[in-house]
Structure formats: structure tokens, C-alpha cells
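Read through the structure below, which is laid out as C-alpha cells, and then see the notes.
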2 protein chains.
Amino acid sequence: MSSKPSKRAATCYDVARRAGVSQSSVSRSFRPGCVISPKMRDRVLSAAAELGYHPNALAQSLTTRRSNLVAILISTVTNRTYPEMLSALTDRLSQHGMRALLFTSESNLVPADALEQIWRFKVDGAIAIARLSDEQVLQFNDHGVPLVLYNRISDIGTVGSVCCDSVRGEGLLVDGLLAAGHRRFGVIAGLEHSHVGDERLRATLDRLDAAGLPAIAVKRGGYDYASGREAFDALLAEAGQLDAVVCANDLMAIGAIDAAREQGLNVPGDLSVVGFDGVGPAEWASYRLSTIRQPVERMVNSAVTMLLDRVEDPDQPAERRLFMGEFIRGASARL
Amino acid sequence: MSSKPSKRAATCYDVARRAGVSQSSVSRSFRPGCVISPKMRDRVLSAAAELGYHPNALAQSLTTRRSNLVAILISTVTNRTYPEMLSALTDRLSQHGMRALLFTSESNLVPADALEQIWRFKVDGAIAIARLSDEQVLQFNDHGVPLVLYNRISDIGTVGSVCCDSVRGEGLLVDGLLAAGHRRFGVIAGLEHSHVGDERLRATLDRLDAAGLPAIAVKRGGYDYASGREAFDALLAEAGQLDAVVCANDLMAIGAIDAAREQGLNVPGDLSVVGFDGVGPAEWASYRLSTIRQPVERMVNSAVTMLLDRVEDPDQPAERRLFMGEFIRGASARL
DNA sequence: CTGTTAGCGCTTTCAC
DNA sequence: GTGAAAGCGCTAACAG
């Protein structure tokens, strides 16, 4: 069972010889939905087991032109901020017989050499949870690699995308705050050129404008705890007293809450803070964040299905799916 | 530049024809450290650029017997608990020209079909941050796939491992607590059969025994926030008053702190809580956890280097590297 | 249902 | 320094 002489791995020819059949029969025995007699398959399978044979997926890819590989592009900050994503995604992909080739980028932008590797590995498709330039998106088109964007969109090329509705999400939050009597609003936005950042900011500002209560001050952060704190302090310095702070994501909201408390403010007594995402820590008793929870499972399913559809039929039109987040009342805002 | 007729991707033959050279010259032009005249290379490279040619990594793997693929096995809970790991790992691997093939497992154990895929894709090596049975570890040996374990060890087969020293880490924490006068200790341990869980628990209990102050009560949790809370409540119910609670990881410590506060206890005034890992939230102002921070960067570097060494020379002896964590005083314990 | 024959896109000898 | 030929492990027609 163990300690093989460490020779080269068995090939389908070895198995064929051992089983006394043709090499194609070996191939067929391992391919689902292939015409083959049970007897033959048994013979092959037991010979294969004896030799410890496993079909070479790389060689298969070469002939079938299907690598069963999907590139996942994710920025470090996103993975740290939102770890539930990756697992769900990988899990889902493997349920569809696809493997995840992971590319992380320290910076928010995807480096060119990651793309080069993607072309080289002939992935069947890609899912991006990181910032792609227009030119990069176009490259996916040129290379014939179906691409699905997660929580971001693109007007360039034929890209699918799956997003959580920022407009309606922020709408729920802001309306709730307005209805509860908040008047002086501050905003902690995300990074510039970040889809989610821009959209959530705009949605918030628009809603406030529509209510005749424009935001008193806006600061930007980098989606992490520390930048939430800094942004909050800057906000307070600029605006003085505030009733509510609308944050582009949960981690910054948490940072803002901690910063507020250090200033002696009671949340939500003196100040309401709302976030966005519904990540794990948002539920912790110290924060009980009022936020919008993204339907991760459903969004991931959708992204994977959409991608695989386009792998099967590359001519499918681009599609954008928008998911409504769940309003979590929490306890960080007077609602 | 864009909108190719979506024909088949260019091969090295296409490039050769276009450049009017032999196909081997194309191959050589793309392989570093190959004897070739600059003139030839230029010709080839520009023909390649015109055709949008990218060497097929899968075909390369077939002939070179090197896939440049490294399997990463990680459990969902670990990724959520400790997201800094994966990014660092993938990053490091790519710096060495390796790609990460990601496998996540919902359960703590690695499913058999993940291993099957690993064999099929002929990965050059694997890094496991998930629980592997002895038998599974042996399989890596049999298949000639170098394996490095992260924060876990195995006596089976020739496996390398990189760990953060639990014994010394817990030693620092417990000694600190003892020196500060804590006498009644509770412990929130990790899962059974989890290397880190077992080791940290034993280290803690041994240290307490040695001091003549055995733990009053021990509960187990699942490394997440919720189980930390539950374990804390159970602990209190069983032990009554405690001076200190030693938790197997940060997330459970955070859960314990929140639970304690809900019971009206002041942390660290009435009760000290310590964790282990030094993950992001541990630093948050609401917790300021006293903990041991794992040197993630160094550990990851080490794991990658160790793995690649064994890829180059499979006969290298197994090696275990133990890293000392950094003692973070924090403010969740009277120290 | 099974075997035969060509490739898939590349690297690797080995001549030249 | 360059080219020709063989082969990596497999699938995909096509006969039979």
C-alpha cells in the first residue's frame, strides 16, 4: 500500500498493459458518461488501483481544451475584510468540478504578471474581487476568458457581474436614520476608484440630499479598522457634533465606534454608526452593528453559475445581477 | 489590439511560422537561461506579441514534469479566523514562480476528493493548514508530493512543518498571569484532535500544574467568537469566580471578553483574559487583547522555502521549524 | 462495446 | 546557435 519505489507515476498505458486492454479503454473507464461495459471498467479500475493510477488532469486539459481551472483574483485587503467570500467561492467551484487558481494582490490593483499567468494556465474562466482596469478587462475578452466581477461592474467588454445593491442598501440605512430623527450626518467613504466605495458614497449622499439634509462632512478610508478610526477623528474635528456616521463598510464602522467611544461618546446614545457588509465581527456584542448583510452564499452561487454558463456558451450576453442585502437592525444606531 | 476573431489561441508553431524560424527556437526564446541569439529572440518575441501568444503552462508541465502548482489546503474556519495567512502564502508562492491551487474544506478534515484532485493535477507540492489524517499524510508520501504542515505536525512520513511555539507562547502568558498574582484559572481550549488545540491546552495545564495552581475548569470551543462566549459562560457556571481565562485563540478570547462584560465583569479589573494568534481584531480598542502574535510573514516564508527545497530535492530529511511568537501585553489582562 | 490512429502544445535529445 | 524528430499522458475520431 505504501512505499512505492518512487518511480514515475503510472500512466494510462501502464494500466492498460496491466489490465490487458487498450489504452483508450482505460481512458473511457475514467470518463463519466462513456460507453463501456461494467466488466471492462472493473478490470481497468482494479488495475488502476493496484498501480495507484490517477488520470493526469494537465494532459486531459491539453486535449479537451478545458482546464477546469478558474482564476480567482482577490486583493489582500478584501480577503482580510471579507474572508467568508473565498471559502464559499472555492467550495462552490469545486462542487461544479472546477479548481480555484488563486491570485492575490497586495495593492488594490491586479498586477500584470498575474494576468500573464492566467493566460498561460489556460483557465476556463475568472472571477475578480479586485480592481481591474478597463484595459485589463478587455484583455480577458481578447483572450477569450470569461470573466465575472464580484461587487464591481465594468462597461467594457462582455463581463458578467454580481453585486450587492448599494443604492437600496444605503437607502434602507439612511431612511432608517432619517426616520429616527438624525439630522447631522457624517460619512466615512471607501477608496476612490473603488466601485463599492463610489457607489455607496453616492447612494448615501444622494439620499441625504433628497431629504434636504446634505452630509456635513465626508472622509475616506481604506476599508480597514485603522482607517475607520482615523476617518472618524477627522470627521469629528471637521464637523463638530454629529448625529450619525454612515460608513462604507463594517470594519471602518467598527473603527469609528471605537474611536467615538474613546472620545467619550455613547453609541448609539450620542451618535449612531452604520456599516455595510454584515461580516462576522459586526455581530459581536461590543458592536452589534446596524448594517446591511450581503447574501454571500447566494451571490457566490450566482457568480459561479454565471461564469460556468459563459464557459459553456461564450456568446451569452453579459449580465448583471443585483442582490438585495439584508437589513440588520443591530444596536449601533438609534433606529 | 482587441477583438480577435476568437479563433484558437496561437501556439508556438504559429509563432514559428510567422517569425520564419523553427518551433524549437520559439520555445527557447521563452525559456530563461537558454542559448539563443538576441536577434532570434527579438524576432520571435515580436511575432509572439503580434499573435498574442502565451506559452501553454499545461503543455509545459506535461513535458517538464513540473506543474509549478502548489496545493493549499485550508479549512474554512481557519481562513475566517486567520485570513492574513492565505494572502501571505499565495503572495510568497508567486514570488517563487508557483501558483496556488486552493482547496477549502468546510469540515475541519480534508475531504478525500480534494486529495484526488491534488493527485490529478500533479502539483509540485502542498501546504496544509487543515487537519490531515495519518493515512492522508502517508498518501502524500506515496504519491511523491512534498508536504509542509502549517501549525501542525505529523510523525508519519517525511513531512516538513512550520509551527508557532505553543509551549513557550502559553508559557509567557501563564507566567505573566502568575507573576501578577492570578490564582484561579479557567481555560478555553480548542477542538480535540486539533494540533494547536491540544498543544496549547497541554502547555497551559502543565504550566499551571507546575506552579501548583491547576486549572479550575476547562471548556472546549470551535475557535470562533460564538464558541468562546459559550465556553466562557459554561466556565463561569462551573467554576464560579475566576482570576484569569486562558483561551486557545484570539477569537474565542474576544468572545469570552464580551461574555464576561455581559455578566458585569470588568476585564481586566475583575478578570484577565488572554488569547493566542495576534490576529487583526485582537488589537481593536474594545479588546486590546493580551496575546501571542504569530510571526506570519516569517512562518509563511519558511513554509514556502522548505517546500520548494523539497520539491528540488525530494530526499531532503523532514524538518520541523518552530517560531517564537511575540508577546503582546495588550490590556485584557492584569500583567 | 473495443481498439487504432492522430494529434493537443510543448521540451528534449541529437544532429548540423 | 539552430532545426528535426520523438515523446509527455491523454482524448477524439474512426473502424470494426
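Here's how to read the names in the C-alpha cells: chain A, B, ... by the order shown, residue numbers from 1 in each chain, ligand numbers from 1 in the order shown.
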
Please identify every residue of chain C that has at least one atom no farther than 10 Å from an atom of chain A, counting only C-alpha atoms (C1' of nucleotides), and for each give the shortest atom pair and the distance in Å to one decimal, arranged by chain then increasing number, as CSV.
residue,atom,partner,partner_atom,distance
C:DC1,C1',A:Ile36,CA,6.2
C:DT2,C1',A:Ser25,CA,7.2
C:DG3,C1',A:Ser22,CA,6.2
C:DT4,C1',A:Ser22,CA,9.3
C:DG7,C1',A:Thr63,CA,8.5
C:DC8,C1',A:Thr63,CA,4.6
C:DG9,C1',A:Leu62,CA,7.5

request  = Dump as a ChimeraX atom specification the residues of chain A that approach chain B to within 6 Å, counting only C-alpha atoms.
outcome  = /A:2-3,54-58,76,80,83,87,100-102,120-121,142

key: Exercise answer, chain D residues close to chain B, 10 Å and only C-alpha atoms (C1' of nucleotides), as a PyMOL selection string   = chain D and resi 1-4+7-9

Based on the selection just made, write N, CA, C and O atoms (P, O5', C5', C4', C3', O3' and C1' of nucleotides) of those residues as a PDB file, in the first residue's frame.
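Below you can see part.pdb, which holds the result:
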ATOM      1  P    DG D   1      25.937  30.962 -28.817  1.00  0.00           P
ATOM      2  O5'  DG D   1      24.641  30.639 -29.696  1.00  0.00           O
ATOM      3  C5'  DG D   1      24.184  31.658 -30.504  1.00  0.00           C
ATOM      4  C4'  DG D   1      23.697  31.027 -31.781  1.00  0.00           C
ATOM      5  C3'  DG D   1      22.199  30.787 -31.754  1.00  0.00           C
ATOM      6  O3'  DG D   1      21.640  31.336 -32.926  1.00  0.00           O
ATOM      7  C1'  DG D   1      23.367  28.803 -32.355  1.00  0.00           C
ATOM      8  P    DT D   2      20.106  31.461 -33.056  1.00  0.00           P
ATOM      9  O5'  DT D   2      19.660  30.117 -33.769  1.00  0.00           O
ATOM     10  C5'  DT D   2      19.863  29.974 -35.170  1.00  0.00           C
ATOM     11  C4'  DT D   2      19.537  28.554 -35.576  1.00  0.00           C
ATOM     12  C3'  DT D   2      18.065  28.179 -35.472  1.00  0.00           C
ATOM     13  O3'  DT D   2      17.534  28.169 -36.787  1.00  0.00           O
ATOM     14  C1'  DT D   2      19.525  26.415 -34.801  1.00  0.00           C
ATOM     15  P    DG D   3      15.985  27.830 -36.979  1.00  0.00           P
ATOM     16  O5'  DG D   3      16.046  26.254 -37.204  1.00  0.00           O
ATOM     17  C5'  DG D   3      16.629  25.756 -38.385  1.00  0.00           C
ATOM     18  C4'  DG D   3      16.537  24.238 -38.403  1.00  0.00           C
ATOM     19  C3'  DG D   3      15.114  23.672 -38.376  1.00  0.00           C
ATOM     20  O3'  DG D   3      15.012  22.657 -39.356  1.00  0.00           O
ATOM     21  C1'  DG D   3      16.399  22.715 -36.636  1.00  0.00           C
ATOM     22  P    DA D   4      13.625  22.015 -39.747  1.00  0.00           P
ATOM     23  O5'  DA D   4      13.923  20.446 -39.741  1.00  0.00           O
ATOM     24  C5'  DA D   4      15.157  19.945 -39.237  1.00  0.00           C
ATOM     25  C4'  DA D   4      15.042  18.444 -38.977  1.00  0.00           C
ATOM     26  C3'  DA D   4      13.645  17.854 -39.132  1.00  0.00           C
ATOM     27  O3'  DA D   4      13.793  16.471 -39.412  1.00  0.00           O
ATOM     28  C1'  DA D   4      14.248  17.886 -36.833  1.00  0.00           C
ATOM     29  P    DG D   7       9.839   7.945 -29.390  1.00  0.00           P
ATOM     30  O5'  DG D   7       9.154   8.802 -28.223  1.00  0.00           O
ATOM     31  C5'  DG D   7       9.975   9.334 -27.198  1.00  0.00           C
ATOM     32  C4'  DG D   7       9.154  10.289 -26.379  1.00  0.00           C
ATOM     33  C3'  DG D   7       7.792   9.731 -25.936  1.00  0.00           C
ATOM     34  O3'  DG D   7       7.623  10.055 -24.583  1.00  0.00           O
ATOM     35  C1'  DG D   7       7.513  11.812 -26.894  1.00  0.00           C
ATOM     36  P    DC D   8       6.831   9.109 -23.622  1.00  0.00           P
ATOM     37  O5'  DC D   8       6.276  10.131 -22.543  1.00  0.00           O
ATOM     38  C5'  DC D   8       7.136  11.007 -21.806  1.00  0.00           C
ATOM     39  C4'  DC D   8       6.285  12.187 -21.343  1.00  0.00           C
ATOM     40  C3'  DC D   8       4.859  11.784 -20.999  1.00  0.00           C
ATOM     41  O3'  DC D   8       4.778  11.609 -19.594  1.00  0.00           O
ATOM     42  C1'  DC D   8       4.953  13.798 -22.351  1.00  0.00           C
ATOM     43  P    DG D   9       4.250  10.247 -18.967  1.00  0.00           P
ATOM     44  O5'  DG D   9       2.672  10.436 -19.061  1.00  0.00           O
ATOM     45  C5'  DG D   9       2.060  11.485 -18.347  1.00  0.00           C
ATOM     46  C4'  DG D   9       0.650  11.657 -18.861  1.00  0.00           C
ATOM     47  C3'  DG D   9      -0.177  10.371 -18.874  1.00  0.00           C
ATOM     48  O3'  DG D   9      -1.381  10.606 -18.172  1.00  0.00           O
ATOM     49  C1'  DG D   9      -0.286  11.460 -20.964  1.00  0.00           C
TER      50       DG D   9
END

request  = Taking the DSSP assignment computed from this structure's backbone, write out as a PyMOL selection string all residues of region 82-237 of chain B that belong to strand (DSSP E).
outcome  = chain B and resi 99-105+125-129+147-150+160-164+185-189+217-220

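Taking CA of Val274 (chain B) and CA of Tyr223 (chain B) as endpoints, the distance between them is 13.8 Å.
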
Least-squares align chain B to chain A using all Cα atoms paired by position, then dump the moved coordinates as a compact mmCIF listing (two decimals) with C-alpha atoms, in the first residue's frame.
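What ended up in selection-v3.txt:
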# COMPACT_ATOMS: atom_id res chain seq x y z
CA MET B 1 -0.01 0.06 0.27
CA SER B 2 2.73 2.48 1.04
CA SER B 3 6.39 2.98 0.12
CA LYS B 4 6.33 2.74 -3.64
CA PRO B 5 9.81 2.74 -5.19
CA SER B 6 9.08 6.35 -6.02
CA LYS B 7 9.25 5.64 -9.73
CA ARG B 8 7.36 7.73 -12.14
CA ALA B 9 3.64 7.87 -11.63
CA ALA B 10 1.62 5.28 -13.53
CA THR B 11 0.13 6.37 -16.83
CA CYS B 12 -2.87 5.06 -18.65
CA TYR B 13 -0.52 2.89 -20.71
CA ASP B 14 0.73 1.19 -17.60
CA VAL B 15 -2.80 0.51 -16.54
CA ALA B 16 -3.70 -0.76 -20.01
CA ARG B 17 -0.80 -3.16 -20.05
CA ARG B 18 -1.60 -4.45 -16.62
CA ALA B 19 -5.26 -4.94 -17.41
CA GLY B 20 -4.45 -6.38 -20.81
CA VAL B 21 -6.63 -3.91 -22.65
CA SER B 22 -6.09 -0.97 -24.93
CA GLN B 23 -5.10 2.38 -23.62
CA SER B 24 -8.29 3.97 -24.96
CA SER B 25 -10.31 1.67 -22.80
CA VAL B 26 -8.52 2.95 -19.77
CA SER B 27 -9.30 6.46 -20.81
CA ARG B 28 -12.94 5.58 -21.31
CA SER B 29 -13.18 3.89 -17.95
CA PHE B 30 -12.33 7.12 -16.25
CA ARG B 31 -14.55 9.34 -18.29
CA PRO B 32 -18.13 9.65 -17.10
CA GLY B 33 -20.75 8.97 -19.72
CA CYS B 34 -18.60 6.85 -21.96
CA VAL B 35 -19.74 3.67 -23.65
CA ILE B 36 -17.96 0.81 -21.98
CA SER B 37 -18.90 -2.57 -20.59
CA PRO B 38 -19.08 -2.86 -16.84
CA LYS B 39 -16.76 -5.79 -17.04
CA MET B 40 -14.11 -3.84 -18.85
CA ARG B 41 -14.41 -0.95 -16.47
CA ASP B 42 -14.01 -3.17 -13.47
CA ARG B 43 -10.89 -4.72 -14.88
CA VAL B 44 -9.42 -1.35 -15.65
CA LEU B 45 -10.38 0.18 -12.35
CA SER B 46 -8.81 -2.57 -10.32
CA ALA B 47 -5.62 -2.48 -12.36
CA ALA B 48 -5.59 1.26 -11.82
CA ALA B 49 -6.05 0.85 -8.10
CA GLU B 50 -3.19 -1.60 -7.94
CA LEU B 51 -0.91 0.82 -9.68
CA GLY B 52 -2.15 3.86 -7.84
CA TYR B 53 -3.14 5.49 -11.07
CA HIS B 54 -4.79 8.90 -11.25
CA PRO B 55 -5.59 10.48 -14.60
CA ASN B 56 -3.33 13.40 -15.37
CA ALA B 57 -5.57 16.44 -15.37
CA LEU B 58 -2.95 18.51 -17.16
CA ALA B 59 -2.75 16.10 -20.07
CA GLN B 60 -6.51 15.95 -20.18
CA SER B 61 -6.69 19.69 -20.40
CA LEU B 62 -4.33 19.66 -23.31
CA THR B 63 -6.57 17.54 -25.46
CA THR B 64 -9.96 18.66 -24.23
CA ARG B 65 -9.16 22.34 -24.11
CA ARG B 66 -10.79 22.50 -20.74
CA SER B 67 -8.55 23.01 -17.75
CA ASN B 68 -11.32 23.00 -15.15
CA LEU B 69 -9.37 25.82 -13.61
CA VAL B 70 -10.95 29.07 -12.55
CA ALA B 71 -8.78 31.99 -11.61
CA ILE B 72 -9.80 33.90 -8.52
CA LEU B 73 -8.44 37.38 -8.22
CA ILE B 74 -8.73 38.91 -4.80
CA SER B 75 -6.98 41.75 -3.07
CA THR B 76 -5.38 41.15 0.28
CA VAL B 77 -7.49 43.76 1.94
CA THR B 78 -10.69 42.24 0.63
CA ASN B 79 -9.75 38.82 1.83
CA ARG B 80 -8.97 40.14 5.27
CA THR B 81 -12.08 42.24 5.38
CA TYR B 82 -14.36 39.64 4.00
CA PRO B 83 -12.92 36.15 4.44
CA GLU B 84 -16.29 34.42 4.16
CA MET B 85 -16.17 35.05 0.41
CA LEU B 86 -13.22 32.96 -0.63
CA SER B 87 -14.21 29.80 1.17
CA ALA B 88 -17.72 29.98 -0.16
CA LEU B 89 -16.43 30.56 -3.65
CA THR B 90 -13.88 27.76 -3.67
CA ASP B 91 -16.41 25.43 -2.17
CA ARG B 92 -18.96 26.21 -4.80
CA LEU B 93 -16.52 25.89 -7.62
CA SER B 94 -15.39 22.48 -6.51
CA GLN B 95 -18.99 21.34 -6.38
CA HIS B 96 -19.04 22.05 -10.07
CA GLY B 97 -15.83 20.19 -10.69
CA MET B 98 -13.75 23.33 -10.99
CA ARG B 99 -10.53 24.13 -9.14
CA ALA B 100 -9.58 27.53 -7.86
CA LEU B 101 -6.31 29.03 -8.98
CA LEU B 102 -5.78 31.80 -6.49
CA PHE B 103 -4.20 35.16 -7.19
CA THR B 104 -3.92 37.73 -4.46
CA SER B 105 -2.73 41.25 -4.93
CA GLU B 106 -1.20 43.33 -2.19
CA SER B 107 -2.25 46.51 -3.87
CA ASN B 108 -5.82 47.02 -4.77
CA LEU B 109 -5.01 46.67 -8.45
CA VAL B 110 -4.30 43.41 -10.14
CA PRO B 111 -0.68 43.15 -11.24
CA ALA B 112 0.11 42.40 -14.87
CA ASP B 113 2.05 39.25 -14.11
CA ALA B 114 -0.98 37.71 -12.45
CA LEU B 115 -2.81 38.14 -15.73
CA GLU B 116 0.10 36.68 -17.65
CA GLN B 117 -0.11 33.56 -15.50
CA ILE B 118 -3.82 33.41 -16.07
CA TRP B 119 -3.31 33.33 -19.82
CA ARG B 120 -0.63 30.72 -19.50
CA PHE B 121 -2.65 28.36 -17.39
CA LYS B 122 -5.52 28.47 -19.84
CA VAL B 123 -8.09 28.85 -17.13
CA ASP B 124 -11.67 28.28 -18.19
CA GLY B 125 -12.81 31.46 -16.54
CA ALA B 126 -12.08 34.01 -13.86
CA ILE B 127 -13.79 35.70 -10.98
CA ALA B 128 -12.50 39.06 -9.84
CA ILE B 129 -12.98 40.51 -6.40
CA ALA B 130 -10.28 43.05 -7.06
CA ARG B 131 -9.89 46.15 -9.14
CA LEU B 132 -9.34 45.58 -12.84
CA SER B 133 -8.57 48.42 -15.18
CA ASP B 134 -10.68 48.81 -18.29
CA GLU B 135 -7.77 47.64 -20.31
CA GLN B 136 -7.38 44.56 -18.20
CA VAL B 137 -11.02 43.70 -18.56
CA LEU B 138 -10.63 43.98 -22.29
CA GLN B 139 -7.75 41.56 -22.20
CA PHE B 140 -10.01 38.90 -20.79
CA ASN B 141 -12.23 39.41 -23.80
CA ASP B 142 -9.35 39.20 -26.19
CA HIS B 143 -8.10 36.06 -24.58
CA GLY B 144 -11.52 34.51 -24.62
CA VAL B 145 -11.55 34.05 -20.87
CA PRO B 146 -15.03 34.53 -19.41
CA LEU B 147 -14.93 36.94 -16.52
CA VAL B 148 -17.34 37.60 -13.72
CA LEU B 149 -16.92 40.58 -11.45
CA TYR B 150 -17.92 40.36 -7.84
CA ASN B 151 -19.23 43.53 -6.24
CA ARG B 152 -18.02 45.64 -9.11
CA ILE B 153 -19.09 46.33 -12.65
CA SER B 154 -17.55 47.28 -15.94
CA ASP B 155 -18.93 48.87 -19.06
CA ILE B 156 -16.10 47.45 -21.08
CA GLY B 157 -16.36 44.16 -22.87
CA THR B 158 -18.76 41.37 -22.14
CA VAL B 159 -18.39 40.88 -18.44
CA GLY B 160 -20.87 39.43 -16.07
CA SER B 161 -21.21 40.82 -12.62
CA VAL B 162 -22.78 40.01 -9.32
CA CYS B 163 -23.28 42.81 -6.85
CA CYS B 164 -24.99 43.64 -3.64
CA ASP B 165 -27.27 46.60 -4.17
CA SER B 166 -25.52 49.56 -2.60
CA VAL B 167 -28.19 52.04 -3.52
CA ARG B 168 -31.01 50.19 -1.90
CA GLY B 169 -28.82 49.13 0.97
CA GLU B 170 -27.67 52.62 1.85
CA GLY B 171 -31.22 53.72 1.20
CA LEU B 172 -32.51 51.49 3.96
CA LEU B 173 -29.88 52.69 6.37
CA VAL B 174 -30.22 56.39 5.64
CA ASP B 175 -33.98 56.28 5.61
CA GLY B 176 -33.94 54.50 8.91
CA LEU B 177 -31.65 57.12 10.38
CA LEU B 178 -33.72 59.96 8.98
CA ALA B 179 -36.93 58.50 10.26
CA ALA B 180 -35.39 58.23 13.69
CA GLY B 181 -34.61 61.91 13.64
CA HIS B 182 -30.95 62.09 12.77
CA ARG B 183 -30.07 65.38 11.12
CA ARG B 184 -26.34 65.92 11.13
CA PHE B 185 -24.68 63.27 9.00
CA GLY B 186 -21.06 62.40 8.48
CA VAL B 187 -19.84 59.88 5.97
CA ILE B 188 -16.81 57.60 5.98
CA ALA B 189 -16.38 56.54 2.41
CA GLY B 190 -14.20 53.89 0.85
CA LEU B 191 -11.32 54.29 -1.52
CA GLU B 192 -11.62 56.33 -4.63
CA HIS B 193 -12.00 54.32 -7.82
CA SER B 194 -13.38 51.48 -5.81
CA HIS B 195 -16.73 50.52 -7.24
CA VAL B 196 -18.29 49.72 -3.95
CA GLY B 197 -16.74 52.80 -2.40
CA ASP B 198 -18.01 55.15 -5.06
CA GLU B 199 -21.44 53.64 -5.27
CA ARG B 200 -22.08 53.52 -1.57
CA LEU B 201 -20.89 57.07 -1.19
CA ARG B 202 -23.04 58.39 -4.00
CA ALA B 203 -26.06 56.47 -2.80
CA THR B 204 -25.65 57.90 0.66
CA LEU B 205 -25.07 61.47 -0.46
CA ASP B 206 -27.94 61.38 -2.91
CA ARG B 207 -30.32 60.11 -0.32
CA LEU B 208 -29.27 62.77 2.12
CA ASP B 209 -29.53 65.49 -0.49
CA ALA B 210 -32.98 64.29 -1.42
CA ALA B 211 -33.98 64.66 2.19
CA GLY B 212 -32.62 68.17 2.26
CA LEU B 213 -29.99 67.22 4.80
CA PRO B 214 -26.71 67.05 2.90
CA ALA B 215 -23.77 65.38 4.61
CA ILE B 216 -21.82 67.76 6.77
CA ALA B 217 -18.51 66.09 6.16
CA VAL B 218 -17.05 63.20 4.22
CA LYS B 219 -13.80 61.36 4.80
CA ARG B 220 -12.28 58.44 2.99
CA GLY B 221 -10.74 55.33 4.46
CA GLY B 222 -9.09 52.15 3.25
CA TYR B 223 -11.78 49.73 4.44
CA ASP B 224 -9.83 48.60 7.46
CA TYR B 225 -10.27 49.24 11.15
CA ALA B 226 -7.46 51.75 11.50
CA SER B 227 -8.64 53.92 8.66
CA GLY B 228 -12.13 53.93 10.13
CA ARG B 229 -10.72 55.33 13.35
CA GLU B 230 -8.69 57.95 11.61
CA ALA B 231 -11.53 58.97 9.38
CA PHE B 232 -13.80 59.31 12.36
CA ASP B 233 -11.43 61.58 14.21
CA ALA B 234 -10.98 63.69 11.11
CA LEU B 235 -14.72 63.83 10.66
CA LEU B 236 -15.31 65.02 14.17
CA ALA B 237 -12.56 67.58 13.95
CA GLU B 238 -14.14 69.01 10.86
CA ALA B 239 -17.83 68.74 11.61
CA GLY B 240 -18.05 69.09 15.33
CA GLN B 241 -21.08 67.31 16.61
CA LEU B 242 -22.80 64.71 14.48
CA ASP B 243 -25.94 62.62 14.82
CA ALA B 244 -24.92 59.79 12.58
CA VAL B 245 -21.96 58.41 10.67
CA VAL B 246 -22.55 56.29 7.61
CA CYS B 247 -19.57 54.04 6.86
CA ALA B 248 -18.76 52.30 3.60
CA ASN B 249 -18.10 49.02 5.31
CA ASP B 250 -18.31 47.26 8.64
CA LEU B 251 -14.67 47.32 9.59
CA MET B 252 -14.48 51.07 9.26
CA ALA B 253 -17.73 51.38 11.18
CA ILE B 254 -16.21 49.33 13.95
CA GLY B 255 -13.17 51.55 13.92
CA ALA B 256 -15.42 54.58 14.05
CA ILE B 257 -17.34 53.21 17.02
CA ASP B 258 -14.16 52.60 18.95
CA ALA B 259 -12.89 56.06 18.11
CA ALA B 260 -16.17 57.61 19.14
CA ARG B 261 -16.15 55.81 22.46
CA GLU B 262 -12.67 57.00 23.12
CA GLN B 263 -13.93 60.51 22.63
CA GLY B 264 -16.41 59.78 25.36
CA LEU B 265 -19.35 59.47 23.01
CA ASN B 266 -22.03 56.92 23.61
CA VAL B 267 -22.98 54.81 20.61
CA PRO B 268 -25.83 54.93 19.79
CA GLY B 269 -26.91 57.31 22.55
CA ASP B 270 -24.94 60.31 21.34
CA LEU B 271 -24.16 59.08 17.90
CA SER B 272 -25.38 56.45 15.50
CA VAL B 273 -22.96 54.48 13.35
CA VAL B 274 -23.92 52.22 10.49
CA GLY B 275 -21.81 49.95 8.33
CA PHE B 276 -22.19 47.71 5.31
CA ASP B 277 -21.40 44.04 4.61
CA GLY B 278 -22.54 42.11 7.62
CA VAL B 279 -19.22 40.43 8.30
CA GLY B 280 -18.55 38.34 11.39
CA PRO B 281 -17.29 40.98 13.82
CA ALA B 282 -20.29 43.17 13.08
CA GLU B 283 -22.33 40.87 15.28
CA TRP B 284 -20.00 40.94 18.21
CA ALA B 285 -21.57 42.17 21.40
CA SER B 286 -19.24 45.13 21.67
CA TYR B 287 -20.54 46.51 18.41
CA ARG B 288 -23.85 44.97 17.35
CA LEU B 289 -23.53 46.90 14.15
CA SER B 290 -26.51 48.26 12.28
CA THR B 291 -25.64 47.25 8.79
CA ILE B 292 -26.63 45.61 5.53
CA ARG B 293 -25.68 41.98 5.30
CA GLN B 294 -24.70 40.78 1.88
CA PRO B 295 -26.21 37.45 0.89
CA VAL B 296 -22.82 35.85 0.38
CA GLU B 297 -24.01 32.34 -0.35
CA ARG B 298 -26.48 33.43 -2.94
CA MET B 299 -24.11 35.87 -4.55
CA VAL B 300 -21.37 33.31 -4.75
CA ASN B 301 -23.69 30.71 -6.22
CA SER B 302 -24.81 33.20 -8.73
CA ALA B 303 -21.31 34.20 -9.71
CA VAL B 304 -20.24 30.61 -10.18
CA THR B 305 -23.32 29.67 -12.16
CA MET B 306 -23.01 32.71 -14.33
CA LEU B 307 -19.38 32.00 -15.01
CA LEU B 308 -19.95 28.36 -15.88
CA ASP B 309 -22.79 29.31 -18.21
CA ARG B 310 -20.44 31.52 -20.09
CA VAL B 311 -17.79 28.86 -20.14
CA GLU B 312 -20.25 26.54 -21.83
CA ASP B 313 -21.56 29.19 -24.16
CA PRO B 314 -19.16 32.09 -24.60
CA ASP B 315 -21.66 34.00 -26.68
CA GLN B 316 -24.03 34.53 -23.83
CA PRO B 317 -24.83 38.18 -23.35
CA ALA B 318 -23.31 39.96 -20.41
CA GLU B 319 -25.51 39.98 -17.39
CA ARG B 320 -25.60 41.94 -14.19
CA ARG B 321 -27.21 40.50 -11.16
CA LEU B 322 -28.05 42.69 -8.23
CA PHE B 323 -28.76 41.25 -4.82
CA MET B 324 -30.61 42.94 -2.05
CA GLY B 325 -28.80 42.89 1.27
CA GLU B 326 -30.50 42.15 4.53
CA PHE B 327 -31.10 45.02 6.90
CA ILE B 328 -29.60 44.20 10.27
CA ARG B 329 -31.01 46.54 12.88
CA GLY B 330 -28.20 45.93 15.30
CA ALA B 331 -27.63 48.34 18.18
CA SER B 332 -25.10 50.82 16.90
CA ALA B 333 -27.77 53.20 15.67
CA ARG B 334 -30.94 54.66 17.08
CA LEU B 335 -33.44 53.21 14.65
